[in-house]
file entry_23.cif (mmCIF, N, CA and C atoms)
data_structure
#
loop_
_atom_site.group_PDB
_atom_site.id
_atom_site.type_symbol
_atom_site.label_atom_id
_atom_site.label_comp_id
_atom_site.auth_asym_id
_atom_site.auth_seq_id
_atom_site.Cartn_x
_atom_site.Cartn_y
_atom_site.Cartn_z
ATOM 1 N N MET A 1 -3.214 -16.970 -8.801
ATOM 2 C CA MET A 1 -1.806 -16.676 -8.889
ATOM 3 C C MET A 1 -1.244 -16.569 -7.473
ATOM 4 N N LYS A 2 -0.136 -17.225 -7.238
ATOM 5 C CA LYS A 2 0.505 -17.208 -5.930
ATOM 6 C C LYS A 2 1.191 -15.866 -5.688
ATOM 7 N N ARG A 3 0.921 -15.274 -4.522
ATOM 8 C CA ARG A 3 1.530 -13.987 -4.180
ATOM 9 C C ARG A 3 2.771 -14.242 -3.333
ATOM 10 N N MET A 4 3.804 -13.489 -3.610
ATOM 11 C CA MET A 4 5.048 -13.607 -2.870
ATOM 12 C C MET A 4 4.949 -12.777 -1.596
ATOM 13 N N ALA A 5 5.569 -13.260 -0.541
ATOM 14 C CA ALA A 5 5.590 -12.512 0.718
ATOM 15 C C ALA A 5 6.471 -11.282 0.556
ATOM 16 N N MET A 6 6.044 -10.206 1.182
ATOM 17 C CA MET A 6 6.832 -8.974 1.127
ATOM 18 C C MET A 6 7.609 -8.830 2.422
ATOM 19 N N GLU A 7 8.753 -8.200 2.331
ATOM 20 C CA GLU A 7 9.544 -7.908 3.520
ATOM 21 C C GLU A 7 9.148 -6.545 4.055
ATOM 22 N N THR A 8 9.304 -6.370 5.351
ATOM 23 C CA THR A 8 9.005 -5.094 5.985
ATOM 24 C C THR A 8 10.291 -4.296 6.109
ATOM 25 N N VAL A 9 10.204 -3.011 5.756
ATOM 26 C CA VAL A 9 11.343 -2.109 5.848
ATOM 27 C C VAL A 9 10.887 -0.873 6.605
ATOM 28 N N GLN A 10 11.652 -0.480 7.582
ATOM 29 C CA GLN A 10 11.319 0.727 8.333
ATOM 30 C C GLN A 10 12.083 1.903 7.731
ATOM 31 N N ILE A 11 11.360 2.994 7.463
ATOM 32 C CA ILE A 11 12.001 4.191 6.934
ATOM 33 C C ILE A 11 11.562 5.396 7.746
ATOM 34 N N ARG A 12 12.352 6.445 7.691
ATOM 35 C CA ARG A 12 12.005 7.695 8.359
ATOM 36 C C ARG A 12 11.849 8.764 7.289
ATOM 37 N N LEU A 13 10.718 9.492 7.355
ATOM 38 C CA LEU A 13 10.442 10.567 6.402
ATOM 39 C C LEU A 13 10.128 11.838 7.180
ATOM 40 N N THR A 14 10.410 12.977 6.569
ATOM 41 C CA THR A 14 10.069 14.241 7.212
ATOM 42 C C THR A 14 8.546 14.380 7.267
ATOM 43 N N GLU A 15 8.071 15.242 8.149
ATOM 44 C CA GLU A 15 6.632 15.468 8.251
ATOM 45 C C GLU A 15 6.064 15.978 6.930
ATOM 46 N N ASP A 16 6.785 16.886 6.274
ATOM 47 C CA ASP A 16 6.310 17.426 5.002
ATOM 48 C C ASP A 16 6.178 16.330 3.942
ATOM 49 N N LEU A 17 7.170 15.483 3.862
ATOM 50 C CA LEU A 17 7.128 14.403 2.880
ATOM 51 C C LEU A 17 5.986 13.442 3.210
ATOM 52 N N MET A 18 5.787 13.160 4.477
ATOM 53 C CA MET A 18 4.713 12.258 4.893
ATOM 54 C C MET A 18 3.352 12.860 4.536
ATOM 55 N N ARG A 19 3.209 14.177 4.715
ATOM 56 C CA ARG A 19 1.950 14.843 4.350
ATOM 57 C C ARG A 19 1.702 14.727 2.841
ATOM 58 N N MET A 20 2.756 14.853 2.058
ATOM 59 C CA MET A 20 2.614 14.735 0.606
ATOM 60 C C MET A 20 2.177 13.321 0.228
ATOM 61 N N VAL A 21 2.762 12.331 0.870
ATOM 62 C CA VAL A 21 2.372 10.943 0.606
ATOM 63 C C VAL A 21 0.915 10.734 1.019
ATOM 64 N N ASP A 22 0.537 11.249 2.171
ATOM 65 C CA ASP A 22 -0.844 11.112 2.644
ATOM 66 C C ASP A 22 -1.830 11.762 1.679
ATOM 67 N N ARG A 23 -1.445 12.904 1.095
ATOM 68 C CA ARG A 23 -2.323 13.559 0.120
ATOM 69 C C ARG A 23 -2.529 12.680 -1.111
ATOM 70 N N LEU A 24 -1.486 11.997 -1.532
ATOM 71 C CA LEU A 24 -1.613 11.083 -2.670
ATOM 72 C C LEU A 24 -2.596 9.955 -2.353
ATOM 73 N N VAL A 25 -2.530 9.468 -1.124
ATOM 74 C CA VAL A 25 -3.446 8.406 -0.694
ATOM 75 C C VAL A 25 -4.869 8.959 -0.605
ATOM 76 N N GLU A 26 -5.032 10.128 -0.007
ATOM 77 C CA GLU A 26 -6.358 10.744 0.130
ATOM 78 C C GLU A 26 -6.997 11.000 -1.230
ATOM 79 N N ARG A 27 -6.196 11.384 -2.210
ATOM 80 C CA ARG A 27 -6.707 11.665 -3.553
ATOM 81 C C ARG A 27 -6.989 10.383 -4.340
ATOM 82 N N GLY A 28 -6.643 9.239 -3.775
ATOM 83 C CA GLY A 28 -6.908 7.962 -4.425
ATOM 84 C C GLY A 28 -5.874 7.548 -5.445
ATOM 85 N N ILE A 29 -4.762 8.262 -5.487
ATOM 86 C CA ILE A 29 -3.699 7.908 -6.428
ATOM 87 C C ILE A 29 -3.045 6.595 -5.993
ATOM 88 N N TYR A 30 -2.912 6.424 -4.692
ATOM 89 C CA TYR A 30 -2.399 5.180 -4.109
ATOM 90 C C TYR A 30 -3.382 4.699 -3.060
ATOM 91 N N SER A 31 -3.410 3.391 -2.863
ATOM 92 C CA SER A 31 -4.336 2.826 -1.891
ATOM 93 C C SER A 31 -3.806 2.921 -0.461
ATOM 94 N N SER A 32 -2.495 3.108 -0.322
ATOM 95 C CA SER A 32 -1.897 3.179 1.015
ATOM 96 C C SER A 32 -0.534 3.859 0.937
ATOM 97 N N ARG A 33 -0.013 4.202 2.095
ATOM 98 C CA ARG A 33 1.340 4.756 2.158
ATOM 99 C C ARG A 33 2.339 3.746 1.598
ATOM 100 N N SER A 34 2.145 2.491 1.964
ATOM 101 C CA SER A 34 3.071 1.442 1.512
ATOM 102 C C SER A 34 3.117 1.353 -0.006
ATOM 103 N N GLU A 35 1.947 1.421 -0.638
ATOM 104 C CA GLU A 35 1.909 1.340 -2.100
ATOM 105 C C GLU A 35 2.616 2.537 -2.726
ATOM 106 N N ALA A 36 2.454 3.709 -2.141
ATOM 107 C CA ALA A 36 3.132 4.907 -2.654
ATOM 108 C C ALA A 36 4.648 4.746 -2.559
ATOM 109 N N VAL A 37 5.129 4.241 -1.436
ATOM 110 C CA VAL A 37 6.570 4.060 -1.245
ATOM 111 C C VAL A 37 7.086 2.972 -2.187
ATOM 112 N N ARG A 38 6.336 1.860 -2.332
ATOM 113 C CA ARG A 38 6.761 0.795 -3.258
ATOM 114 C C ARG A 38 6.898 1.344 -4.674
ATOM 115 N N ASP A 39 5.928 2.158 -5.102
ATOM 116 C CA ASP A 39 5.977 2.726 -6.445
ATOM 117 C C ASP A 39 7.190 3.644 -6.607
ATOM 118 N N ALA A 40 7.475 4.427 -5.577
ATOM 119 C CA ALA A 40 8.639 5.321 -5.629
ATOM 120 C C ALA A 40 9.937 4.509 -5.750
ATOM 121 N N VAL A 41 10.010 3.412 -5.020
ATOM 122 C CA VAL A 41 11.211 2.570 -5.079
ATOM 123 C C VAL A 41 11.330 1.924 -6.456
ATOM 124 N N ARG A 42 10.207 1.445 -7.005
ATOM 125 C CA ARG A 42 10.237 0.874 -8.362
ATOM 126 C C ARG A 42 10.782 1.893 -9.357
ATOM 127 N N LYS A 43 10.267 3.131 -9.283
ATOM 128 C CA LYS A 43 10.723 4.177 -10.200
ATOM 129 C C LYS A 43 12.206 4.464 -10.010
ATOM 130 N N LEU A 44 12.664 4.477 -8.781
ATOM 131 C CA LEU A 44 14.076 4.701 -8.499
ATOM 132 C C LEU A 44 14.932 3.611 -9.135
ATOM 133 N N VAL A 45 14.495 2.370 -9.010
ATOM 134 C CA VAL A 45 15.250 1.250 -9.583
ATOM 135 C C VAL A 45 15.309 1.361 -11.102
ATOM 136 N N VAL A 46 14.173 1.665 -11.744
ATOM 137 C CA VAL A 46 14.152 1.801 -13.202
ATOM 138 C C VAL A 46 15.046 2.953 -13.630
ATOM 139 N N GLU A 47 14.943 4.103 -12.951
ATOM 140 C CA GLU A 47 15.789 5.249 -13.304
ATOM 141 C C GLU A 47 17.264 4.921 -13.117
ATOM 142 N N SER A 48 17.566 4.159 -12.089
ATOM 143 C CA SER A 48 18.947 3.761 -11.850
ATOM 144 C C SER A 48 19.446 2.868 -12.974
ATOM 145 N N GLU A 49 18.595 1.923 -13.394
ATOM 146 C CA GLU A 49 18.962 1.033 -14.503
ATOM 147 C C GLU A 49 19.176 1.840 -15.778
ATOM 148 N N ILE A 50 18.280 2.778 -16.059
ATOM 149 C CA ILE A 50 18.407 3.604 -17.255
ATOM 150 C C ILE A 50 19.699 4.408 -17.186
ATOM 151 N N GLY A 51 19.979 4.976 -16.022
ATOM 152 C CA GLY A 51 21.193 5.763 -15.854
ATOM 153 C C GLY A 51 22.443 4.950 -16.077
ATOM 154 N N SER A 52 22.491 3.746 -15.540
ATOM 155 C CA SER A 52 23.690 2.923 -15.697
ATOM 156 C C SER A 52 23.860 2.486 -17.141
ATOM 157 N N LEU A 53 22.749 2.223 -17.834
ATOM 158 C CA LEU A 53 22.851 1.855 -19.248
ATOM 159 C C LEU A 53 23.246 3.061 -20.087
ATOM 160 N N ALA A 54 22.713 4.232 -19.741
ATOM 161 C CA ALA A 54 23.025 5.444 -20.499
ATOM 162 C C ALA A 54 24.506 5.782 -20.397
ATOM 163 N N GLU A 55 25.084 5.566 -19.216
ATOM 164 C CA GLU A 55 26.506 5.845 -19.047
ATOM 165 C C GLU A 55 27.347 4.933 -19.928
ATOM 166 N N LYS A 56 26.902 3.695 -20.093
ATOM 167 C CA LYS A 56 27.656 2.730 -20.885
ATOM 168 C C LYS A 56 27.494 2.990 -22.384
ATOM 169 N N ARG A 57 26.300 3.437 -22.781
ATOM 170 C CA ARG A 57 26.000 3.591 -24.212
ATOM 171 C C ARG A 57 25.307 4.931 -24.449
ATOM 172 N N THR A 58 26.063 5.972 -24.480
ATOM 173 C CA THR A 58 25.484 7.305 -24.603
ATOM 174 C C THR A 58 24.865 7.560 -25.975
ATOM 175 N N GLN A 59 25.137 6.732 -26.971
ATOM 176 C CA GLN A 59 24.581 6.946 -28.292
ATOM 177 C C GLN A 59 23.121 6.504 -28.373
ATOM 178 N N LYS A 60 22.653 5.699 -27.444
ATOM 179 C CA LYS A 60 21.302 5.160 -27.513
ATOM 180 C C LYS A 60 20.272 6.186 -27.063
ATOM 181 N N THR A 61 19.089 6.090 -27.669
ATOM 182 C CA THR A 61 17.984 6.958 -27.259
ATOM 183 C C THR A 61 17.333 6.377 -26.008
ATOM 184 N N SER A 62 16.500 7.180 -25.353
ATOM 185 C CA SER A 62 15.802 6.691 -24.158
ATOM 186 C C SER A 62 14.877 5.525 -24.518
ATOM 187 N N VAL A 63 14.298 5.553 -25.716
ATOM 188 C CA VAL A 63 13.435 4.448 -26.157
ATOM 189 C C VAL A 63 14.258 3.165 -26.259
ATOM 190 N N ASP A 64 15.453 3.271 -26.823
ATOM 191 C CA ASP A 64 16.338 2.105 -26.920
ATOM 192 C C ASP A 64 16.704 1.589 -25.535
ATOM 193 N N LEU A 65 16.972 2.513 -24.614
ATOM 194 C CA LEU A 65 17.345 2.111 -23.258
ATOM 195 C C LEU A 65 16.195 1.401 -22.554
ATOM 196 N N VAL A 66 14.979 1.916 -22.715
ATOM 197 C CA VAL A 66 13.815 1.275 -22.099
ATOM 198 C C VAL A 66 13.619 -0.118 -22.686
ATOM 199 N N LYS A 67 13.768 -0.250 -24.000
ATOM 200 C CA LYS A 67 13.653 -1.565 -24.632
ATOM 201 C C LYS A 67 14.701 -2.526 -24.079
ATOM 202 N N GLU A 68 15.904 -2.029 -23.886
ATOM 203 C CA GLU A 68 16.982 -2.858 -23.355
ATOM 204 C C GLU A 68 16.666 -3.319 -21.930
ATOM 205 N N ILE A 69 16.149 -2.405 -21.118
ATOM 206 C CA ILE A 69 15.791 -2.759 -19.744
ATOM 207 C C ILE A 69 14.659 -3.779 -19.730
ATOM 208 N N ARG A 70 13.647 -3.550 -20.562
ATOM 209 C CA ARG A 70 12.535 -4.506 -20.644
ATOM 210 C C ARG A 70 13.042 -5.881 -21.040
ATOM 211 N N GLY A 71 13.959 -5.913 -22.015
ATOM 212 C CA GLY A 71 14.532 -7.187 -22.445
ATOM 213 C C GLY A 71 15.290 -7.871 -21.320
ATOM 214 N N LYS A 72 16.042 -7.078 -20.566
ATOM 215 C CA LYS A 72 16.801 -7.630 -19.436
ATOM 216 C C LYS A 72 15.857 -8.211 -18.391
ATOM 217 N N ILE A 73 14.799 -7.473 -18.065
ATOM 218 C CA ILE A 73 13.831 -7.950 -17.070
ATOM 219 C C ILE A 73 13.137 -9.208 -17.577
ATOM 220 N N TRP A 74 12.758 -9.225 -18.855
ATOM 221 C CA TRP A 74 12.101 -10.403 -19.427
ATOM 222 C C TRP A 74 13.028 -11.621 -19.367
ATOM 223 N N ARG A 75 14.287 -11.434 -19.720
ATOM 224 C CA ARG A 75 15.236 -12.558 -19.665
ATOM 225 C C ARG A 75 15.381 -13.092 -18.240
ATOM 226 N N GLU A 76 15.404 -12.191 -17.248
ATOM 227 C CA GLU A 76 15.484 -12.613 -15.847
ATOM 228 C C GLU A 76 14.259 -13.441 -15.467
ATOM 229 N N CYS A 77 13.079 -12.982 -15.869
ATOM 230 C CA CYS A 77 11.839 -13.706 -15.563
ATOM 231 C C CYS A 77 11.823 -15.062 -16.253
ATOM 232 N N LEU A 78 12.240 -15.081 -17.516
ATOM 233 C CA LEU A 78 12.266 -16.322 -18.278
ATOM 234 C C LEU A 78 13.248 -17.321 -17.660
ATOM 235 N N GLU A 79 14.392 -16.827 -17.226
ATOM 236 C CA GLU A 79 15.367 -17.703 -16.576
ATOM 237 C C GLU A 79 14.806 -18.253 -15.261
ATOM 238 N N GLU A 80 14.177 -17.380 -14.472
ATOM 239 C CA GLU A 80 13.585 -17.816 -13.202
ATOM 240 C C GLU A 80 12.500 -18.860 -13.437
ATOM 241 N N ALA A 81 11.791 -18.758 -14.571
ATOM 242 C CA ALA A 81 10.712 -19.685 -14.898
ATOM 243 C C ALA A 81 11.218 -20.933 -15.602
ATOM 244 N N GLY A 82 12.518 -21.072 -15.717
ATOM 245 C CA GLY A 82 13.086 -22.256 -16.355
ATOM 246 C C GLY A 82 12.742 -22.356 -17.839
ATOM 247 N N GLY A 83 12.557 -21.193 -18.493
ATOM 248 C CA GLY A 83 12.264 -21.181 -19.916
ATOM 249 C C GLY A 83 10.780 -21.258 -20.250
ATOM 250 N N ASP A 84 9.939 -21.441 -19.249
ATOM 251 C CA ASP A 84 8.489 -21.517 -19.454
ATOM 252 C C ASP A 84 7.935 -20.102 -19.611
ATOM 253 N N ARG A 85 7.505 -19.754 -20.826
ATOM 254 C CA ARG A 85 7.058 -18.383 -21.124
ATOM 255 C C ARG A 85 5.818 -17.998 -20.313
ATOM 256 N N LYS A 86 4.907 -18.935 -20.121
ATOM 257 C CA LYS A 86 3.684 -18.634 -19.355
ATOM 258 C C LYS A 86 4.043 -18.302 -17.906
ATOM 259 N N ARG A 87 4.908 -19.109 -17.310
ATOM 260 C CA ARG A 87 5.345 -18.827 -15.938
ATOM 261 C C ARG A 87 6.128 -17.523 -15.868
ATOM 262 N N ALA A 88 6.927 -17.249 -16.902
ATOM 263 C CA ALA A 88 7.694 -16.007 -16.936
ATOM 264 C C ALA A 88 6.760 -14.806 -16.934
ATOM 265 N N LEU A 89 5.649 -14.886 -17.674
ATOM 266 C CA LEU A 89 4.664 -13.807 -17.679
ATOM 267 C C LEU A 89 4.050 -13.614 -16.292
ATOM 268 N N GLU A 90 3.775 -14.721 -15.603
ATOM 269 C CA GLU A 90 3.222 -14.635 -14.246
ATOM 270 C C GLU A 90 4.222 -13.966 -13.300
ATOM 271 N N ILE A 91 5.479 -14.313 -13.430
ATOM 272 C CA ILE A 91 6.530 -13.707 -12.604
ATOM 273 C C ILE A 91 6.617 -12.215 -12.899
ATOM 274 N N LEU A 92 6.574 -11.864 -14.180
ATOM 275 C CA LEU A 92 6.622 -10.460 -14.579
ATOM 276 C C LEU A 92 5.438 -9.686 -14.012
ATOM 277 N N GLU A 93 4.244 -10.269 -14.072
ATOM 278 C CA GLU A 93 3.049 -9.624 -13.521
ATOM 279 C C GLU A 93 3.210 -9.383 -12.017
ATOM 280 N N ARG A 94 3.739 -10.376 -11.297
ATOM 281 C CA ARG A 94 3.947 -10.217 -9.859
ATOM 282 C C ARG A 94 4.924 -9.090 -9.578
ATOM 283 N N ARG A 95 5.975 -9.018 -10.377
ATOM 284 C CA ARG A 95 6.966 -7.940 -10.204
ATOM 285 C C ARG A 95 6.311 -6.582 -10.425
ATOM 286 N N MET A 96 5.484 -6.486 -11.446
ATOM 287 C CA MET A 96 4.837 -5.221 -11.754
ATOM 288 C C MET A 96 3.837 -4.814 -10.667
ATOM 289 N N GLU A 97 3.228 -5.804 -10.032
ATOM 290 C CA GLU A 97 2.301 -5.524 -8.928
ATOM 291 C C GLU A 97 3.061 -5.146 -7.664
ATOM 292 N N GLY A 98 4.342 -5.425 -7.648
ATOM 293 C CA GLY A 98 5.145 -5.137 -6.472
ATOM 294 C C GLY A 98 5.080 -6.213 -5.419
ATOM 295 N N SER A 99 4.607 -7.398 -5.798
ATOM 296 C CA SER A 99 4.501 -8.476 -4.821
ATOM 297 C C SER A 99 5.706 -9.379 -4.862
ATOM 298 N N GLU A 100 6.720 -8.960 -5.555
ATOM 299 C CA GLU A 100 7.945 -9.768 -5.613
ATOM 300 C C GLU A 100 9.139 -8.891 -5.408
#
call {"tool": "encode", "arguments": {"input": "entry_23.cif", "output": "structure tokens"}}
result
Amino acid sequence: MKRMAMETVQIRLTEDLMRMVDRLVERGIYSSRSEAVRDAVRKLVVESEIGSLAEKRTQKTSVDLVKEIRGKIWRECLEEAGGDRKRALEILERRMEGSE
């Protein structure tokens, strides 16, 4: 599977926050500081998507919102793959790995 190049982003964190990230790495929860930060950003994006959908449709349950987000992400992958479901799955896997 072809891996997508990642961009480099410089961030500044407090010493306390950096120590917390380092503890996660030391405990084996993440393989590196970068992986911990990537995971945090992924979670932020998902929470942001859920929040924006919740504001639009307050009657929906969180399960419905997650299904809606998954559907949106799948449609994006399928469109990027030109309708090829196998390629769309590969794109989705890369996104989940954080390599895209």
call {"tool": "atom_distance", "arguments": {"input": "entry_23.cif", "atom1": "atom N of A:Glu68", "atom2": "atom C of A:Ala5"}}
result
27.8 Å
call {"tool": "atom_distance", "arguments": {"input": "entry_23.cif", "atom1": "atom CA of A:Ser32", "atom2": "atom CA of A:Arg12"}}
result
16.4 Å
call {"tool": "atom_distance", "arguments": {"input": "entry_23.cif", "atom1": "atom C of A:Arg38", "atom2": "atom C of A:Arg85"}}
result
24.9 Å
